[in-house]
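A quick write-up on the structure given underneath.
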Amino acid sequence: MKANELPFTTDLKGKVAVVTGAGGVLCSLMAKALAACGAKVAVMDLHLVAAQAVVDEIKKDGYIAEAYEANVLKKESLMAAHDKIVKELGPCDILINGAGGNSPKASTTDEFYAPKVSEDTVTFFDLKEEGFEFVFNLNILGTLLTTQVFAADMLGKEGCSVLNISSMNAFTPLTKIPAYSSAKAGVSNFTKWLATHFAKEGIRVNAIAPGFFSTAQNKALLWNTDGTPTARTGKILNNTPMGRFGKPEELLGATLFLTDSKAAGFVTGVVLPIDGGFSAYSGV
Ligand code: NAD
């Protein structure tokens, strides 16, 4: 078989892709990859400056993208961005719900319960309600509201899909980060619910579950202030059969596959681990 006889290539020409959290480390790359495959990309973020910097790079490469400021926790902000996107790029065909993250207010300092020894220690009993609320809202409510606003464009159209970003901790929770683990488990579960709910409309809904990628979000957990690896980094690498952190660009093959309805037309409700084997390994 010759390359041009393959049943598909990633050609997203004519598609409009909306990526939230696209000013960040992982989703900025996804936005760039979608644009490189021909999609018109709405690069959306809470911070317009970050989104604009990504758009400038995409445009420099000769592809199509525009920056939009929106808060995934405010429906009116999403609707205002939606109106602009429809006018400037067209209705949405592909949505990546990338905005997400953790909060130190929802993290314990110790892996296993131990009585409080100093004011700096956060035990299970010190966890803040507002920390949990923030993390659940950002990861779950942000996915719900954004999907409500943009999946409406997909009704009655062919080749539309939503990609959510779950995490390794959705399969087995990671110590110290109970809110983020349970919120991402919620994202995986919600992905399957949405996939079922929209299946008859032809809207596919999948998720990727990245393993460990060293980015701004988890910097404090992985690296000491002097740049040396934390003990947690050692444990992560020992439990990742491939023995290293992922490189953000290693998410792109799965991203393009799952969002391209020619390649993944019969794939919906999947949560795909991209983790160097972390979720396959029992540690023994
Ligand atoms: P990041 O912090 O670099 O980027 C997140 C982006 O989301 C930021 O640009 C931020 O401004 C934006 N954002 C935050 N709140 C927002 C809101 N209310 N409305 C709109 N935008 C908002 O994070 P990242 O590491 O690139 O992570 C991207 C996604 O991947 C997240 O969902 C994260 O939970 C998930 N993830 C990351 C890792 C990792 O190792 N970094 C692993 C698994 C999953």
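Lettering and numbering for the structure tokens are positional, with chains as A, B, ... in the shown order, residues counted from 1 in each chain, and ligands counted from 1 in the shown order.
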Original post:
Where does DSSP see helix (DSSP H, G or I) in stretch 181-269 of chain A, if you list the residues as a ChimeraX atom specification?
Top reply: /A:181-197,199-201,219-222,231-238,248-259
Once you have the residues from the selection above, write them out as an mmCIF file, in the first residue's frame, restricted to C-alpha atoms.
data_model
loop_
_atom_site.group_PDB
_atom_site.id
_atom_site.type_symbol
_atom_site.label_atom_id
_atom_site.label_comp_id
_atom_site.auth_asym_id
_atom_site.auth_seq_id
_atom_site.Cartn_x
_atom_site.Cartn_y
_atom_site.Cartn_z
ATOM 1 C CA SER A 181 -7.868 12.889 41.204
ATOM 2 C CA SER A 182 -11.584 12.663 41.850
ATOM 3 C CA ALA A 183 -12.369 15.557 39.504
ATOM 4 C CA LYS A 184 -10.465 13.878 36.659
ATOM 5 C CA ALA A 185 -12.222 10.569 37.447
ATOM 6 C CA GLY A 186 -15.373 12.638 36.982
ATOM 7 C CA VAL A 187 -14.088 13.918 33.631
ATOM 8 C CA SER A 188 -13.503 10.320 32.436
ATOM 9 C CA ASN A 189 -16.952 9.269 33.588
ATOM 10 C CA PHE A 190 -18.611 12.355 32.070
ATOM 11 C CA THR A 191 -16.793 11.671 28.784
ATOM 12 C CA LYS A 192 -18.496 8.277 28.564
ATOM 13 C CA TRP A 193 -21.842 9.783 29.524
ATOM 14 C CA LEU A 194 -21.545 12.453 26.822
ATOM 15 C CA ALA A 195 -20.372 9.885 24.247
ATOM 16 C CA THR A 196 -23.492 7.829 24.859
ATOM 17 C CA HIS A 197 -25.814 10.821 25.023
ATOM 18 C CA ALA A 199 -23.971 8.998 19.833
ATOM 19 C CA LYS A 200 -27.179 9.122 17.794
ATOM 20 C CA GLU A 201 -26.327 12.712 16.793
ATOM 21 C CA LYS A 219 6.118 22.214 38.889
ATOM 22 C CA ALA A 220 5.973 22.577 42.694
ATOM 23 C CA LEU A 221 5.227 18.862 43.156
ATOM 24 C CA LEU A 222 7.997 17.676 40.823
ATOM 25 C CA ALA A 231 11.187 12.536 46.007
ATOM 26 C CA ARG A 232 7.840 12.383 44.176
ATOM 27 C CA THR A 233 9.641 12.719 40.834
ATOM 28 C CA GLY A 234 11.773 9.684 41.740
ATOM 29 C CA LYS A 235 8.657 7.659 42.578
ATOM 30 C CA ILE A 236 6.926 8.699 39.358
ATOM 31 C CA LEU A 237 9.849 7.714 37.178
ATOM 32 C CA ASN A 238 10.288 4.397 39.022
ATOM 33 C CA PRO A 248 4.063 17.348 25.393
ATOM 34 C CA GLU A 249 4.326 16.646 21.643
ATOM 35 C CA GLU A 250 3.719 12.968 22.441
ATOM 36 C CA LEU A 251 0.057 13.846 23.059
ATOM 37 C CA LEU A 252 -0.434 15.036 19.513
ATOM 38 C CA GLY A 253 -0.837 11.717 17.677
ATOM 39 C CA ALA A 254 -3.712 10.720 19.963
ATOM 40 C CA THR A 255 -5.216 14.216 19.806
ATOM 41 C CA LEU A 256 -5.288 14.255 16.016
ATOM 42 C CA PHE A 257 -6.480 10.650 15.787
ATOM 43 C CA LEU A 258 -9.386 11.136 18.199
ATOM 44 C CA THR A 259 -10.521 14.480 16.776
#
**OP:** Show me which residues sit within 7 Å of ligand 1 when counting only C-alpha atoms and all ligand atoms, and put them as a count of residues only.
**Re:** 39
Subject >> Distance query A:Tyr113 at most 10 Å, only C-alpha atoms, self and fewer than 4 positions along chain excluded, as a PyMOL selection string >> reply: chain A and resi 108-109+123-125
Write the selection just made, keeping N, CA and C atoms, as a compact mmCIF listing (two decimals), in the first residue's frame?
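Output (out_11.txt):
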# COMPACT_ATOMS: atom_id res chain seq x y z
N THR A 108 -2.91 17.64 50.18
CA THR A 108 -2.31 17.40 51.50
C THR A 108 -0.79 17.44 51.36
N THR A 109 -0.10 17.73 52.46
CA THR A 109 1.37 17.74 52.38
C THR A 109 1.94 16.33 52.48
N THR A 123 -3.09 18.56 56.63
CA THR A 123 -3.58 17.19 56.77
C THR A 123 -4.92 17.09 56.04
N PHE A 124 -5.45 15.89 55.99
CA PHE A 124 -6.78 15.68 55.41
C PHE A 124 -7.79 16.64 56.04
N PHE A 125 -7.66 16.86 57.37
CA PHE A 125 -8.65 17.66 58.09
C PHE A 125 -8.52 19.15 57.82
**OP:** Point out the residue among A:Pro104, A:Pro91, A:Pro273, A:Gly62 with the least atom-to-atom distance to A:Ile208, counting only C-alpha atoms.
**Re:**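 Ranked by minimum distance to A:Ile208, first place goes to A:Pro273.
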Original post:
Of the residues A:Pro173, A:Gly14, A:Gly276, A:Gly243, which is the one nearest to A:Leu34, using only C-alpha atoms?
Top reply: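 Residue with the minimum atom-to-atom distance to A:Leu34: A:Gly14.
When only C-alpha atoms are used to compute distances to A:Lys40, the closest of the residues A:Lys75, A:Leu6, A:Glu66, A:Asp56 turns out to be A:Glu66.
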Subject >> For A:Lys60: contacts at 12 Å, only C-alpha atoms, fewer than 5 positions along chain excluded, given as a PyMOL selection string >> reply: chain A and resi 32+35-36+53-55+65
Just to be explicit: take each residue in the selection above, keep N, CA and C atoms, and write the result as a PDB file, in the first residue's frame.
ATOM      1  N   LYS A  32      -1.781  24.227  17.925  1.00  0.00           N
ATOM      2  CA  LYS A  32      -0.846  24.366  16.794  1.00  0.00           C
ATOM      3  C   LYS A  32      -0.955  23.172  15.853  1.00  0.00           C
ATOM      4  N   ALA A  35      -4.109  23.358  13.758  1.00  0.00           N
ATOM      5  CA  ALA A  35      -3.951  24.380  12.713  1.00  0.00           C
ATOM      6  C   ALA A  35      -3.056  23.861  11.592  1.00  0.00           C
ATOM      7  N   ALA A  36      -1.999  23.139  11.970  1.00  0.00           N
ATOM      8  CA  ALA A  36      -1.073  22.600  10.955  1.00  0.00           C
ATOM      9  C   ALA A  36      -1.775  21.576  10.063  1.00  0.00           C
ATOM     10  N   ALA A  53      -0.314  35.001  22.085  1.00  0.00           N
ATOM     11  CA  ALA A  53       1.071  34.576  21.796  1.00  0.00           C
ATOM     12  C   ALA A  53       1.061  33.274  20.987  1.00  0.00           C
ATOM     13  N   VAL A  54       0.133  32.380  21.310  1.00  0.00           N
ATOM     14  CA  VAL A  54       0.024  31.108  20.573  1.00  0.00           C
ATOM     15  C   VAL A  54      -0.459  31.380  19.139  1.00  0.00           C
ATOM     16  N   VAL A  55      -1.436  32.266  19.026  1.00  0.00           N
ATOM     17  CA  VAL A  55      -1.960  32.611  17.695  1.00  0.00           C
ATOM     18  C   VAL A  55      -0.870  33.241  16.836  1.00  0.00           C
ATOM     19  N   ALA A  65      -5.679  30.964  12.798  1.00  0.00           N
ATOM     20  CA  ALA A  65      -6.108  30.904  14.205  1.00  0.00           C
ATOM     21  C   ALA A  65      -6.443  32.310  14.674  1.00  0.00           C
TER      22      ALA A  65
END
Can you tell me, as a compact mmCIF listing (two decimals) with C-alpha atoms, in the first residue's frame, what residues are no more than 12 Å from A:Asp83 when counting only C-alpha atoms, ignoring any on the same chain fewer than 3 positions away?
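What ended up in out04.txt:
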# COMPACT_ATOMS: atom_id res chain seq x y z
CA ALA A 42 -10.06 29.35 18.11
CA TYR A 68 -10.38 34.55 22.34
CA ALA A 70 -13.18 33.30 27.93
CA GLU A 76 -22.02 34.25 29.46
CA SER A 77 -18.29 34.61 28.81
CA LEU A 78 -18.31 31.39 26.73
CA MET A 79 -21.37 32.57 24.82
CA ALA A 80 -19.74 35.91 24.03
CA VAL A 86 -18.97 31.89 14.69
CA LYS A 87 -18.64 35.31 13.00
CA GLU A 88 -14.88 35.15 12.49
CA LEU A 89 -14.18 31.43 11.88
CA GLY A 90 -17.54 29.64 11.66
CA PRO A 91 -19.46 27.19 13.85
CA CYS A 92 -17.47 24.69 15.92
CA VAL A 149 -22.13 26.18 24.36
CA PHE A 150 -20.06 24.63 21.54
CA ASP A 153 -23.01 23.92 16.78
Original post:
What are the DSSP strand (DSSP E or B) residues of stretch 62-230 of chain A, as a PyMOL selection string?
Top reply: chain A and resi 65-69+94-97+161-165+204-210+213+223+229
**OP:** May I ask which of the residues A:Asn239, A:Thr230, A:Ser282, A:Thr10 is the closest one to A:Asp260, counting only C-alpha atoms?
**Re:**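 Among the listed residues, the smallest separation from A:Asp260 belongs to A:Thr10.
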Original post:
So which residues touch stretch 126-134 of chain A within 6 Å, counting only C-alpha atoms, skipping near sequence neighbours fewer than 4 positions away, as a PyMOL selection string?
Top reply: chain A and resi 105-106+122+179
**OP:** Find the residue from A:Ala51, A:Leu95, A:Ile85, A:Ala31 that sits nearest to A:Val18; use only C-alpha atoms when measuring.
**Re:** A:Leu95
Original post:
Using only C-alpha atoms, which of A:Ile96, A:Val49, A:Ala280, A:Leu163 sits nearest A:Val267?
Top reply: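 Among the listed residues, A:Leu163 lies closest to A:Val267.
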